[in-house]
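Coordinates as given in start-v5.pdb (PDB, C-alpha atoms and all ligand atoms):
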ATOM      1  CA  MET A 563     121.139 -18.454 -70.357
ATOM      2  CA  SER A 564     120.041 -16.542 -67.282
ATOM      3  CA  VAL A 565     116.782 -14.648 -67.206
ATOM      4  CA  VAL A 566     117.210 -11.530 -65.103
ATOM      5  CA  GLN A 567     113.930  -9.739 -65.624
ATOM      6  CA  ARG A 568     111.128 -11.920 -64.302
ATOM      7  CA  PRO A 569     107.726 -10.143 -64.358
ATOM      8  CA  ARG A 570     106.182 -13.462 -63.364
ATOM      9  CA  ARG A 571     107.535 -13.002 -59.810
ATOM     10  CA  LEU A 572     104.754 -10.495 -59.238
ATOM     11  CA  ARG A 573     102.111 -12.951 -60.399
ATOM     12  CA  GLN A 574     103.078 -15.985 -58.350
ATOM     13  CA  THR A 575     100.311 -16.154 -55.742
ATOM     14  CA  PRO A 576      96.853 -14.658 -55.314
ATOM     15  CA  ALA A 577      98.197 -12.629 -52.379
ATOM     16  CA  VAL A 578     101.014 -11.096 -54.434
ATOM     17  CA  ARG A 579      98.706 -10.408 -57.358
ATOM     18  CA  ARG A 580      96.309  -8.741 -54.951
ATOM     19  CA  LEU A 581      99.118  -6.608 -53.557
ATOM     20  CA  VAL A 582     100.256  -5.313 -56.934
ATOM     21  CA  ALA A 583      96.871  -4.869 -58.606
ATOM     22  CA  GLU A 584      96.673  -1.392 -60.100
ATOM     23  CA  THR A 585      92.906  -1.298 -60.345
ATOM     24  CA  ARG A 586      90.215  -2.399 -57.941
ATOM     25  CA  LEU A 587      86.487  -2.572 -58.131
ATOM     26  CA  HIS A 588      84.553  -1.206 -55.192
ATOM     27  CA  PRO A 589      80.785  -1.339 -54.643
ATOM     28  CA  ALA A 590      80.739   2.443 -54.127
ATOM     29  CA  ASP A 591      81.789   2.979 -57.756
ATOM     30  CA  LEU A 592      78.844   1.059 -59.162
ATOM     31  CA  VAL A 593      75.512   2.508 -60.245
ATOM     32  CA  LEU A 594      72.487   0.304 -60.856
ATOM     33  CA  PRO A 595      69.984   1.256 -63.573
ATOM     34  CA  LEU A 596      66.365   0.416 -62.728
ATOM     35  CA  PHE A 597      63.199   0.367 -64.833
ATOM     36  CA  VAL A 598      59.792   1.215 -63.384
ATOM     37  CA  VAL A 599      56.603   0.683 -65.362
ATOM     38  CA  GLU A 600      53.385   2.552 -64.776
ATOM     39  CA  GLY A 601      50.530   0.341 -63.626
ATOM     40  CA  LEU A 602      52.634  -2.784 -63.212
ATOM     41  CA  GLU A 603      51.504  -4.909 -60.255
ATOM     42  CA  GLU A 604      54.317  -7.454 -60.255
ATOM     43  CA  PRO A 605      57.893  -7.205 -61.561
ATOM     44  CA  ARG A 606      58.172  -8.465 -65.141
ATOM     45  CA  PRO A 607      61.308 -10.086 -66.575
ATOM     46  CA  ILE A 608      62.878  -8.444 -69.645
ATOM     47  CA  ALA A 609      63.421 -11.300 -72.092
ATOM     48  CA  SER A 610      66.323  -9.629 -73.901
ATOM     49  CA  MET A 611      68.118  -8.962 -70.602
ATOM     50  CA  PRO A 612      67.980 -12.170 -68.557
ATOM     51  CA  GLY A 613      68.042 -11.329 -64.850
ATOM     52  CA  VAL A 614      66.825  -7.728 -65.293
ATOM     53  CA  MET A 615      63.267  -6.723 -64.414
ATOM     54  CA  GLN A 616      60.752  -4.085 -65.232
ATOM     55  CA  HIS A 617      59.684  -3.018 -61.747
ATOM     56  CA  SER A 618      56.436  -2.142 -60.085
ATOM     57  CA  LEU A 619      56.673   0.697 -57.566
ATOM     58  CA  ALA A 620      56.815  -1.859 -54.753
ATOM     59  CA  SER A 621      59.516  -4.019 -56.302
ATOM     60  CA  LEU A 622      61.462  -0.860 -57.231
ATOM     61  CA  ALA A 623      61.725   0.085 -53.561
ATOM     62  CA  GLU A 624      62.783  -3.437 -52.717
ATOM     63  CA  ALA A 625      65.512  -3.500 -55.403
ATOM     64  CA  ALA A 626      66.753  -0.133 -54.162
ATOM     65  CA  ARG A 627      67.034  -1.346 -50.573
ATOM     66  CA  GLU A 628      68.838  -4.474 -51.730
ATOM     67  CA  ALA A 629      71.284  -2.345 -53.757
ATOM     68  CA  GLU A 630      71.904  -0.087 -50.788
ATOM     69  CA  ALA A 631      72.537  -3.063 -48.510
ATOM     70  CA  ALA A 632      75.092  -4.313 -51.051
ATOM     71  CA  GLY A 633      76.871  -0.985 -50.741
ATOM     72  CA  ILE A 634      76.539   0.301 -54.282
ATOM     73  CA  GLY A 635      77.127   3.974 -55.009
ATOM     74  CA  GLY A 636      73.964   5.080 -56.756
ATOM     75  CA  LEU A 637      70.785   4.281 -58.641
ATOM     76  CA  MET A 638      69.672   5.402 -62.057
ATOM     77  CA  LEU A 639      65.981   5.389 -62.903
ATOM     78  CA  PHE A 640      64.094   4.996 -66.182
ATOM     79  CA  GLY A 641      60.301   5.325 -66.214
ATOM     80  CA  ILE A 642      57.953   3.697 -68.704
ATOM     81  CA  PRO A 643      54.531   5.371 -68.972
ATOM     82  CA  GLN A 644      51.290   3.798 -70.127
ATOM     83  CA  HIS A 645      50.491   6.687 -72.416
ATOM     84  CA  LYS A 646      52.934   7.865 -75.079
ATOM     85  CA  ASP A 647      52.393  10.811 -77.421
ATOM     86  CA  ALA A 648      54.296  13.034 -79.844
ATOM     87  CA  ILE A 649      55.729  15.421 -77.230
ATOM     88  CA  GLY A 650      56.147  12.894 -74.437
ATOM     89  CA  SER A 651      53.600  14.573 -72.162
ATOM     90  CA  GLU A 652      54.046  12.048 -69.377
ATOM     91  CA  ALA A 653      57.705  13.054 -69.016
ATOM     92  CA  THR A 654      56.568  16.345 -67.517
ATOM     93  CA  ASN A 655      53.657  15.037 -65.505
ATOM     94  CA  PRO A 656      54.603  15.682 -61.849
ATOM     95  CA  ASP A 657      52.615  12.571 -60.971
ATOM     96  CA  GLY A 658      53.914  10.589 -63.938
ATOM     97  CA  ILE A 659      55.732   7.311 -63.508
ATOM     98  CA  LEU A 660      59.273   8.693 -63.542
ATOM     99  CA  ALA A 661      58.644  11.418 -60.953
ATOM    100  CA  THR A 662      56.648   8.945 -58.866
ATOM    101  CA  GLY A 663      59.447   6.384 -59.111
ATOM    102  CA  VAL A 664      61.972   9.001 -57.999
ATOM    103  CA  ARG A 665      59.803   9.822 -54.984
ATOM    104  CA  VAL A 666      59.572   6.133 -54.097
ATOM    105  CA  LEU A 667      63.350   5.774 -54.301
ATOM    106  CA  ALA A 668      63.980   8.951 -52.319
ATOM    107  CA  GLN A 669      61.774   7.550 -49.601
ATOM    108  CA  ALA A 670      63.130   3.984 -49.679
ATOM    109  CA  VAL A 671      66.816   4.937 -49.743
ATOM    110  CA  PRO A 672      67.113   8.583 -48.666
ATOM    111  CA  GLU A 673      70.925   8.543 -48.424
ATOM    112  CA  MET A 674      71.478   7.050 -51.865
ATOM    113  CA  PRO A 675      72.325   9.251 -54.869
ATOM    114  CA  ILE A 676      69.420   8.948 -57.317
ATOM    115  CA  ILE A 677      70.039   9.740 -60.956
ATOM    116  CA  ALA A 678      66.833  10.332 -62.903
ATOM    117  CA  ASP A 679      67.155   9.735 -66.626
ATOM    118  CA  LEU A 680      66.279  12.952 -68.399
ATOM    119  CA  CYS A 681      65.160  12.081 -71.900
ATOM    120  CA  LEU A 682      61.903  11.907 -73.827
ATOM    121  CA  ASP A 683      62.369   8.607 -75.665
ATOM    122  CA  GLU A 684      60.458   6.466 -73.174
ATOM    123  CA  PHE A 685      57.577   8.938 -73.373
ATOM    124  CA  THR A 686      57.202   9.681 -77.084
ATOM    125  CA  ASP A 687      55.071   7.565 -79.411
ATOM    126  CA  HIS A 688      57.734   7.899 -82.151
ATOM    127  CA  GLY A 689      60.431   6.801 -79.689
ATOM    128  CA  HIS A 690      62.822   9.677 -80.391
ATOM    129  CA  CYS A 691      64.679  11.551 -77.656
ATOM    130  CA  GLY A 692      63.119  14.885 -78.617
ATOM    131  CA  VAL A 693      60.094  16.443 -80.244
ATOM    132  CA  LEU A 694      59.832  16.402 -84.036
ATOM    133  CA  ASP A 695      59.585  19.301 -86.478
ATOM    134  CA  PRO A 696      56.926  19.235 -89.230
ATOM    135  CA  THR A 697      59.286  17.330 -91.536
ATOM    136  CA  GLY A 698      59.817  14.603 -88.929
ATOM    137  CA  ARG A 699      63.324  15.615 -87.896
ATOM    138  CA  VAL A 700      64.209  15.714 -84.210
ATOM    139  CA  ALA A 701      63.998  19.412 -83.347
ATOM    140  CA  ASN A 702      66.890  20.430 -81.129
ATOM    141  CA  ASP A 703      65.813  23.809 -79.776
ATOM    142  CA  ALA A 704      62.145  22.927 -79.378
ATOM    143  CA  THR A 705      63.197  19.942 -77.272
ATOM    144  CA  LEU A 706      65.211  21.973 -74.755
ATOM    145  CA  PRO A 707      62.213  23.538 -72.956
ATOM    146  CA  ARG A 708      60.763  20.033 -72.547
ATOM    147  CA  TYR A 709      64.029  18.964 -70.911
ATOM    148  CA  GLN A 710      64.010  22.059 -68.699
ATOM    149  CA  GLN A 711      60.535  21.292 -67.429
ATOM    150  CA  MET A 712      61.527  17.687 -66.851
ATOM    151  CA  ALA A 713      64.633  18.729 -64.909
ATOM    152  CA  GLN A 714      62.579  20.814 -62.503
ATOM    153  CA  ILE A 715      59.971  18.105 -62.006
ATOM    154  CA  LEU A 716      62.574  15.421 -61.343
ATOM    155  CA  ALA A 717      64.524  17.627 -58.935
ATOM    156  CA  LEU A 718      61.336  18.463 -57.082
ATOM    157  CA  ALA A 719      60.518  14.750 -56.851
ATOM    158  CA  GLY A 720      63.844  14.179 -55.100
ATOM    159  CA  ALA A 721      66.374  13.314 -57.789
ATOM    160  CA  THR A 722      69.892  14.005 -56.546
ATOM    161  CA  MET A 723      71.155  14.099 -60.090
ATOM    162  CA  ILE A 724      69.727  14.173 -63.575
ATOM    163  CA  GLY A 725      71.194  12.113 -66.389
ATOM    164  CA  THR A 726      71.019  14.168 -69.566
ATOM    165  CA  SER A 727      70.918  11.333 -72.078
ATOM    166  CA  GLY A 728      69.024  12.980 -74.941
ATOM    167  CA  ALA A 729      72.047  14.036 -77.020
ATOM    168  CA  MET A 730      70.625  17.465 -77.897
ATOM    169  CA  ASP A 731      73.000  20.415 -78.282
ATOM    170  CA  GLY A 732      72.819  22.790 -75.343
ATOM    171  CA  GLN A 733      70.901  20.406 -73.079
ATOM    172  CA  VAL A 734      73.293  20.638 -70.140
ATOM    173  CA  ALA A 735      73.187  24.448 -70.145
ATOM    174  CA  ALA A 736      69.412  24.401 -70.551
ATOM    175  CA  CYS A 737      68.939  21.981 -67.655
ATOM    176  CA  ARG A 738      71.456  23.774 -65.428
ATOM    177  CA  SER A 739      69.694  27.112 -65.859
ATOM    178  CA  ALA A 740      66.259  25.556 -65.336
ATOM    179  CA  LEU A 741      67.445  23.869 -62.141
ATOM    180  CA  ASP A 742      69.112  27.016 -60.834
ATOM    181  CA  GLU A 743      66.096  29.196 -61.606
ATOM    182  CA  ALA A 744      63.899  26.862 -59.597
ATOM    183  CA  GLY A 745      66.327  26.915 -56.696
ATOM    184  CA  PHE A 746      67.826  23.468 -57.299
ATOM    185  CA  THR A 747      71.400  24.687 -57.341
ATOM    186  CA  ASP A 748      72.607  21.504 -55.620
ATOM    187  CA  THR A 749      71.001  19.090 -58.080
ATOM    188  CA  MET A 750      73.853  17.519 -60.026
ATOM    189  CA  ILE A 751      74.067  16.806 -63.740
ATOM    190  CA  MET A 752      75.520  13.599 -65.060
ATOM    191  CA  ALA A 753      76.064  14.516 -68.695
ATOM    192  CA  TYR A 754      76.155  11.838 -71.343
ATOM    193  CA  GLY A 755      79.178  13.630 -72.760
ATOM    194  CA  ALA A 756      80.054  11.076 -75.359
ATOM    195  CA  LYS A 757      76.986   9.136 -76.382
ATOM    196  CA  TYR A 758      77.212   7.046 -79.496
ATOM    197  CA  ALA A 759      74.449   5.837 -81.805
ATOM    198  CA  SER A 760      75.008   2.205 -80.887
ATOM    199  CA  ALA A 761      73.538  -1.144 -81.841
ATOM    200  CA  PHE A 762      74.424  -2.239 -78.319
ATOM    201  CA  TYR A 763      71.338  -0.437 -76.997
ATOM    202  CA  GLY A 764      69.182  -3.105 -78.654
ATOM    203  CA  PRO A 765      67.944  -4.965 -75.559
ATOM    204  CA  PHE A 766      67.177  -1.661 -73.787
ATOM    205  CA  ARG A 767      64.472  -1.007 -76.363
ATOM    206  CA  GLU A 768      62.498  -3.923 -74.960
ATOM    207  CA  ALA A 769      63.237  -2.796 -71.414
ATOM    208  CA  VAL A 770      61.532   0.553 -72.046
ATOM    209  CA  ASP A 771      58.845  -0.709 -74.468
ATOM    210  CA  SER A 772      60.369   1.582 -77.106
ATOM    211  CA  SER A 773      58.399   2.426 -80.197
ATOM    212  CA  LEU A 774      61.407   3.739 -82.127
ATOM    213  CA  GLN A 775      61.439   3.331 -85.893
ATOM    214  CA  GLY A 776      64.738   4.113 -87.567
ATOM    215  CA  ASP A 777      67.753   5.257 -85.598
ATOM    216  CA  ARG A 778      69.253   8.146 -83.648
ATOM    217  CA  ARG A 779      72.177   8.906 -85.924
ATOM    218  CA  SER A 780      71.208  12.536 -86.482
ATOM    219  CA  TYR A 781      71.758  13.316 -82.800
ATOM    220  CA  GLN A 782      73.915  10.608 -81.224
ATOM    221  CA  GLN A 783      77.561  10.325 -82.252
ATOM    222  CA  ASP A 784      79.027   8.299 -85.072
ATOM    223  CA  PRO A 785      80.991   5.288 -83.728
ATOM    224  CA  ALA A 786      83.700   6.127 -86.260
ATOM    225  CA  ASN A 787      84.606   9.365 -84.475
ATOM    226  CA  ALA A 788      86.825   9.997 -81.475
ATOM    227  CA  VAL A 789      87.806  13.662 -81.729
ATOM    228  CA  GLU A 790      84.219  14.837 -81.632
ATOM    229  CA  ALA A 791      83.755  13.011 -78.315
ATOM    230  CA  ILE A 792      86.268  15.385 -76.777
ATOM    231  CA  ARG A 793      84.402  18.349 -78.243
ATOM    232  CA  GLU A 794      81.105  17.076 -76.844
ATOM    233  CA  VAL A 795      82.635  16.495 -73.427
ATOM    234  CA  GLN A 796      84.276  19.930 -73.350
ATOM    235  CA  LEU A 797      80.926  21.501 -74.197
ATOM    236  CA  ASP A 798      79.195  19.597 -71.405
ATOM    237  CA  VAL A 799      81.860  20.638 -68.917
ATOM    238  CA  SER A 800      81.587  24.280 -69.978
ATOM    239  CA  GLU A 801      77.785  24.089 -69.713
ATOM    240  CA  GLY A 802      77.987  22.917 -66.112
ATOM    241  CA  ALA A 803      78.206  19.127 -66.079
ATOM    242  CA  ASP A 804      79.232  17.676 -62.709
ATOM    243  CA  ILE A 805      80.065  14.212 -64.041
ATOM    244  CA  VAL A 806      80.576  13.133 -67.637
ATOM    245  CA  MET A 807      79.693   9.753 -68.994
ATOM    246  CA  VAL A 808      80.907   7.761 -71.952
ATOM    247  CA  LYS A 809      78.426   5.322 -73.429
ATOM    248  CA  PRO A 810      78.496   2.449 -74.416
ATOM    249  CA  GLY A 811      81.288   0.871 -72.350
ATOM    250  CA  LEU A 812      83.594  -1.803 -73.698
ATOM    251  CA  PRO A 813      83.689  -0.884 -77.414
ATOM    252  CA  TYR A 814      84.545   2.697 -76.372
ATOM    253  CA  LEU A 815      87.390   2.253 -73.876
ATOM    254  CA  ASP A 816      89.649   4.391 -76.054
ATOM    255  CA  ILE A 817      87.134   7.228 -75.798
ATOM    256  CA  LEU A 818      86.793   6.688 -72.045
ATOM    257  CA  SER A 819      90.535   6.868 -71.598
ATOM    258  CA  ALA A 820      90.822  10.030 -73.713
ATOM    259  CA  VAL A 821      87.965  11.682 -71.828
ATOM    260  CA  ALA A 822      89.475  10.770 -68.445
ATOM    261  CA  ALA A 823      92.733  12.421 -69.516
ATOM    262  CA  GLU A 824      90.874  15.529 -70.669
ATOM    263  CA  VAL A 825      88.584  16.497 -67.791
ATOM    264  CA  THR A 826      88.946  17.301 -64.100
ATOM    265  CA  ILE A 827      85.511  16.031 -63.072
ATOM    266  CA  PRO A 828      84.495  12.401 -62.401
ATOM    267  CA  VAL A 829      84.080  10.209 -65.475
ATOM    268  CA  ALA A 830      81.475   7.473 -65.723
ATOM    269  CA  SER A 831      81.098   4.600 -68.148
ATOM    270  CA  TYR A 832      77.787   2.937 -68.990
ATOM    271  CA  VAL A 833      78.138  -0.769 -69.737
ATOM    272  CA  VAL A 834      74.941  -0.945 -71.741
ATOM    273  CA  SER A 835      72.197  -3.483 -72.288
ATOM    274  CA  GLY A 836      73.752  -5.178 -75.332
ATOM    275  CA  GLU A 837      77.022  -5.685 -73.498
ATOM    276  CA  TYR A 838      75.124  -7.165 -70.570
ATOM    277  CA  SER A 839      73.090  -9.469 -72.777
ATOM    278  CA  MET A 840      76.075 -10.678 -74.807
ATOM    279  CA  ILE A 841      77.853 -11.889 -71.687
ATOM    280  CA  GLU A 842      74.671 -13.356 -70.210
ATOM    281  CA  ALA A 843      73.830 -15.190 -73.443
ATOM    282  CA  ALA A 844      77.326 -16.568 -73.901
ATOM    283  CA  ALA A 845      77.447 -17.659 -70.258
ATOM    284  CA  ALA A 846      74.018 -19.290 -70.487
ATOM    285  CA  ASN A 847      75.334 -21.316 -73.411
ATOM    286  CA  GLY A 848      78.419 -22.353 -71.454
ATOM    287  CA  TRP A 849      80.652 -20.466 -73.912
ATOM    288  CA  ILE A 850      82.255 -18.187 -71.352
ATOM    289  CA  SER A 851      82.572 -18.250 -67.613
ATOM    290  CA  ARG A 852      80.071 -15.744 -66.280
ATOM    291  CA  LYS A 853      81.584 -14.337 -63.085
ATOM    292  CA  PRO A 854      85.154 -13.884 -64.368
ATOM    293  CA  ALA A 855      83.843 -12.342 -67.588
ATOM    294  CA  ILE A 856      81.736  -9.816 -65.686
ATOM    295  CA  LEU A 857      84.549  -8.930 -63.288
ATOM    296  CA  GLU A 858      86.998  -8.572 -66.177
ATOM    297  CA  ALA A 859      84.627  -6.327 -68.135
ATOM    298  CA  LEU A 860      84.139  -4.021 -65.150
ATOM    299  CA  THR A 861      87.791  -4.049 -64.055
ATOM    300  CA  CYS A 862      88.892  -3.086 -67.564
ATOM    301  CA  THR A 863      86.354  -0.277 -67.535
ATOM    302  CA  ARG A 864      87.896   1.073 -64.323
ATOM    303  CA  ARG A 865      91.403   0.622 -65.733
ATOM    304  CA  ALA A 866      90.516   2.640 -68.828
ATOM    305  CA  GLY A 867      89.563   5.614 -66.668
ATOM    306  CA  ALA A 868      86.027   5.307 -65.321
ATOM    307  CA  SER A 869      85.653   6.259 -61.696
ATOM    308  CA  ILE A 870      81.957   5.347 -61.875
ATOM    309  CA  ILE A 871      80.474   2.364 -63.717
ATOM    310  CA  VAL A 872      76.794   2.123 -64.560
ATOM    311  CA  THR A 873      75.987  -1.571 -64.847
ATOM    312  CA  TYR A 874      73.009  -3.900 -64.594
ATOM    313  CA  TRP A 875      75.262  -6.227 -62.572
ATOM    314  CA  ALA A 876      75.903  -3.609 -59.851
ATOM    315  CA  THR A 877      74.120  -5.285 -56.942
ATOM    316  CA  GLU A 878      75.368  -8.773 -57.740
ATOM    317  CA  VAL A 879      78.963  -7.635 -58.248
ATOM    318  CA  ALA A 880      78.865  -5.613 -55.036
ATOM    319  CA  GLY A 881      77.855  -8.822 -53.279
ATOM    320  CA  TRP A 882      80.820 -10.682 -54.764
ATOM    321  CA  LEU A 883      83.214  -7.894 -53.768
ATOM    322  CA  LYS A 884      81.972  -8.064 -50.191
ATOM    323  CA  GLU A 885      82.482 -11.833 -50.042
ATOM    324  CA  ASP A 886      86.019 -11.452 -51.388
ATOM    325  CA  ARG A 887      87.037  -9.140 -48.591
TER     326      ARG A 887
HETATM  327  C1  LIG A 901      67.998   7.040 -74.184
HETATM  328  C2  LIG A 901      68.768   5.943 -73.574
HETATM  329  C3  LIG A 901      69.147   4.751 -74.189
HETATM  330  C4  LIG A 901      69.862   4.036 -73.242
HETATM  331  C5  LIG A 901      69.896   4.783 -72.079
HETATM  332  N1  LIG A 901      69.228   5.971 -72.307
HETATM  333  C6  LIG A 901      68.817   4.234 -75.520
HETATM  334  C7  LIG A 901      69.205   4.996 -76.706
HETATM  335  O1  LIG A 901      69.880   6.029 -76.646
HETATM  336  O2  LIG A 901      68.796   4.574 -77.796
HETATM  337  C8  LIG A 901      70.464   2.696 -73.468
HETATM  338  C9  LIG A 901      70.970   1.995 -72.253
HETATM  339  C10 LIG A 901      71.279   0.573 -72.486
HETATM  340  O3  LIG A 901      71.280   0.078 -73.629
HETATM  341  O4  LIG A 901      71.563  -0.119 -71.494
HETATM  342  N2  LIG A 901      67.368   7.822 -73.258
END
Could the structure of this file be written out as structure tokens, please?
Ligand code: PBG
Amino acid sequence: MSVVQRPRRLRQTPAVRRLVAETRLHPADLVLPLFVVEGLEEPRPIASMPGVMQHSLASLAEAAREAEAAGIGGLMLFGIPQHKDAIGSEATNPDGILATGVRVLAQAVPEMPIIADLCLDEFTDHGHCGVLDPTGRVANDATLPRYQQMAQILALAGATMIGTSGAMDGQVAACRSALDEAGFTDTMIMAYGAKYASAFYGPFREAVDSSLQGDRRSYQQDPANAVEAIREVQLDVSEGADIVMVKPGLPYLDILSAVAAEVTIPVASYVVSGEYSMIEAAAANGWISRKPAILEALTCTRRAGASIIVTYWATEVAGWLKEDR
């Protein structure tokens, strides 16, 4: 019997495999999320995310410079205030921790795209992404003016882009008009087009000292649904999104791929805290091989259609990619 078709020919050496690879990771495609905590003197490890820190303003600047030296494409910032209240007052304090953190980043790495997270959940005492109505429901329309104020404050502080992660209807349009009215017509919006109510955000709750009781299922999407992700993304595009994101990452590669086929703007994927921690925990136990698992996870994310990947491994992976060249 003679075998004529031999796909293995194209897999025979590392050099041939490199030549025919359809997907490559590049440091420029990676975005590093960072956490800055008000009043923190020294960086503090996040137990549920081994290797990730809550930063002081000084260590934030240092991490940003390190990320820039590694060649990564952007930074995303979350701020954790000391004082939380029902409306998330600190989110719209021009001297609050998030705006201050943005200013520190803009000064430390002026060339680097800085994405400020635009959401109230780190700032509210109930931990929800919006303000509540008298019955305790998250009030969509009453939240939008809070987001608008936040957008202007973050743009003024030097954010290149805002990440609208709150999952309220109309938030992209609200933020776009608020930015434009204040003259920030060049400030970009990374819209969390498809954002699912996911258990994989678990470790993030510790990272932002979240006080959330319950869940976000009345505003974030149901993991069972795919069609509504396209609707959400189309709305964000029509409201003025510059980039759309799908979140979480690996369990939602089908959504990512469908979104990438649908839109004509860049598509990002957020490989979230739970995905990070699962790989770290398994690797720490010797159950999987850390570096190949991380590279596979990110390569598959690119293959599925993400041109941008938000990942806590960004700086480290960028370092590996440099070495490999
Ligand atoms: C909400 C927000 C969350 C994450 C990013 N922005 C948590 C949530 O929606 O409950 C999670 C990111 C991660 O898990 O890495 N503003």
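Atom CA of Gly811 of chain A is positioned 21.4 Å from atom CA of Trp849 of chain A.
What the PyMOL selection byres (((chain A and resi 741-744) around 8) and not hetatm) matches in the given file is Gln710, Ala713, Gln714, Ala717, Cys737, Arg738, Ser739, Ala740, Gly745, Phe746, Thr747 and Thr749 of chain A.
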Given all atoms listed in the file as the counted atoms, nearest of A:Ala756, A:Ala583, A:Ile715, A:Leu818 to ligand LIG 901 (chain A) = A:Ala756
In terms of the shortest atom-to-atom distance over all atoms listed in the file, which of A:Val834, A:Ala668, A:Ala704, A:Ile871 is closest to Ile649 of chain A?
->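 Ranked by minimum distance to Ile649 of chain A, first place goes to A:Ala704.
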Spell out the residues picked by the PyMOL selection byres (((not hetatm)) within 9 of (chain A and resi 901)) here, as an mmCIF file with C-alpha atoms, keeping the file's coordinate frame.
data_model
loop_
_atom_site.group_PDB
_atom_site.id
_atom_site.type_symbol
_atom_site.label_atom_id
_atom_site.label_comp_id
_atom_site.auth_asym_id
_atom_site.auth_seq_id
_atom_site.Cartn_x
_atom_site.Cartn_y
_atom_site.Cartn_z
ATOM 1 C CA PRO A 595 69.984 1.256 -63.573
ATOM 2 C CA PHE A 640 64.094 4.996 -66.182
ATOM 3 C CA ASP A 679 67.155 9.735 -66.626
ATOM 4 C CA LEU A 680 66.279 12.952 -68.399
ATOM 5 C CA CYS A 681 65.160 12.081 -71.900
ATOM 6 C CA LEU A 682 61.903 11.907 -73.827
ATOM 7 C CA ASP A 683 62.369 8.607 -75.665
ATOM 8 C CA GLU A 684 60.458 6.466 -73.174
ATOM 9 C CA GLY A 689 60.431 6.801 -79.689
ATOM 10 C CA HIS A 690 62.822 9.677 -80.391
ATOM 11 C CA CYS A 691 64.679 11.551 -77.656
ATOM 12 C CA GLY A 725 71.194 12.113 -66.389
ATOM 13 C CA THR A 726 71.019 14.168 -69.566
ATOM 14 C CA SER A 727 70.918 11.333 -72.078
ATOM 15 C CA GLY A 728 69.024 12.980 -74.941
ATOM 16 C CA ALA A 729 72.047 14.036 -77.020
ATOM 17 C CA LYS A 757 76.986 9.136 -76.382
ATOM 18 C CA TYR A 758 77.212 7.046 -79.496
ATOM 19 C CA ALA A 759 74.449 5.837 -81.805
ATOM 20 C CA SER A 760 75.008 2.205 -80.887
ATOM 21 C CA ALA A 761 73.538 -1.144 -81.841
ATOM 22 C CA PHE A 762 74.424 -2.239 -78.319
ATOM 23 C CA TYR A 763 71.338 -0.437 -76.997
ATOM 24 C CA GLY A 764 69.182 -3.105 -78.654
ATOM 25 C CA PRO A 765 67.944 -4.965 -75.559
ATOM 26 C CA PHE A 766 67.177 -1.661 -73.787
ATOM 27 C CA ARG A 767 64.472 -1.007 -76.363
ATOM 28 C CA ALA A 769 63.237 -2.796 -71.414
ATOM 29 C CA VAL A 770 61.532 0.553 -72.046
ATOM 30 C CA SER A 772 60.369 1.582 -77.106
ATOM 31 C CA LEU A 774 61.407 3.739 -82.127
ATOM 32 C CA ASP A 777 67.753 5.257 -85.598
ATOM 33 C CA ARG A 778 69.253 8.146 -83.648
ATOM 34 C CA GLN A 782 73.915 10.608 -81.224
ATOM 35 C CA LYS A 809 78.426 5.322 -73.429
ATOM 36 C CA PRO A 810 78.496 2.449 -74.416
ATOM 37 C CA TYR A 832 77.787 2.937 -68.990
ATOM 38 C CA VAL A 833 78.138 -0.769 -69.737
ATOM 39 C CA VAL A 834 74.941 -0.945 -71.741
ATOM 40 C CA SER A 835 72.197 -3.483 -72.288
ATOM 41 C CA GLY A 836 73.752 -5.178 -75.332
ATOM 42 C CA GLU A 837 77.022 -5.685 -73.498
ATOM 43 C CA TYR A 838 75.124 -7.165 -70.570
ATOM 44 C CA VAL A 872 76.794 2.123 -64.560
ATOM 45 C CA THR A 873 75.987 -1.571 -64.847
ATOM 46 C CA TYR A 874 73.009 -3.900 -64.594
#
So how many Å separate atom CA of Ala830 of chain A and atom CA of Met752 of chain A, to one decimal?
-> 8.6 Å
Applied to this file, what does the PyMOL selection byres (((chain A and resi 642) around 8) and not hetatm) return in terms of residues, put as a CSV table (one decimal) with C-alpha atoms, keeping the file's coordinate frame?
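Printed below is result-v6.csv as written:
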chain,number,residue,atom,x,y,z
A,597,PHE,CA,63.2,0.4,-64.8
A,598,VAL,CA,59.8,1.2,-63.4
A,599,VAL,CA,56.6,0.7,-65.4
A,600,GLU,CA,53.4,2.6,-64.8
A,640,PHE,CA,64.1,5.0,-66.2
A,641,GLY,CA,60.3,5.3,-66.2
A,643,PRO,CA,54.5,5.4,-69.0
A,644,GLN,CA,51.3,3.8,-70.1
A,659,ILE,CA,55.7,7.3,-63.5
A,660,LEU,CA,59.3,8.7,-63.5
A,684,GLU,CA,60.5,6.5,-73.2
A,685,PHE,CA,57.6,8.9,-73.4
A,770,VAL,CA,61.5,0.6,-72.0
A,771,ASP,CA,58.8,-0.7,-74.5
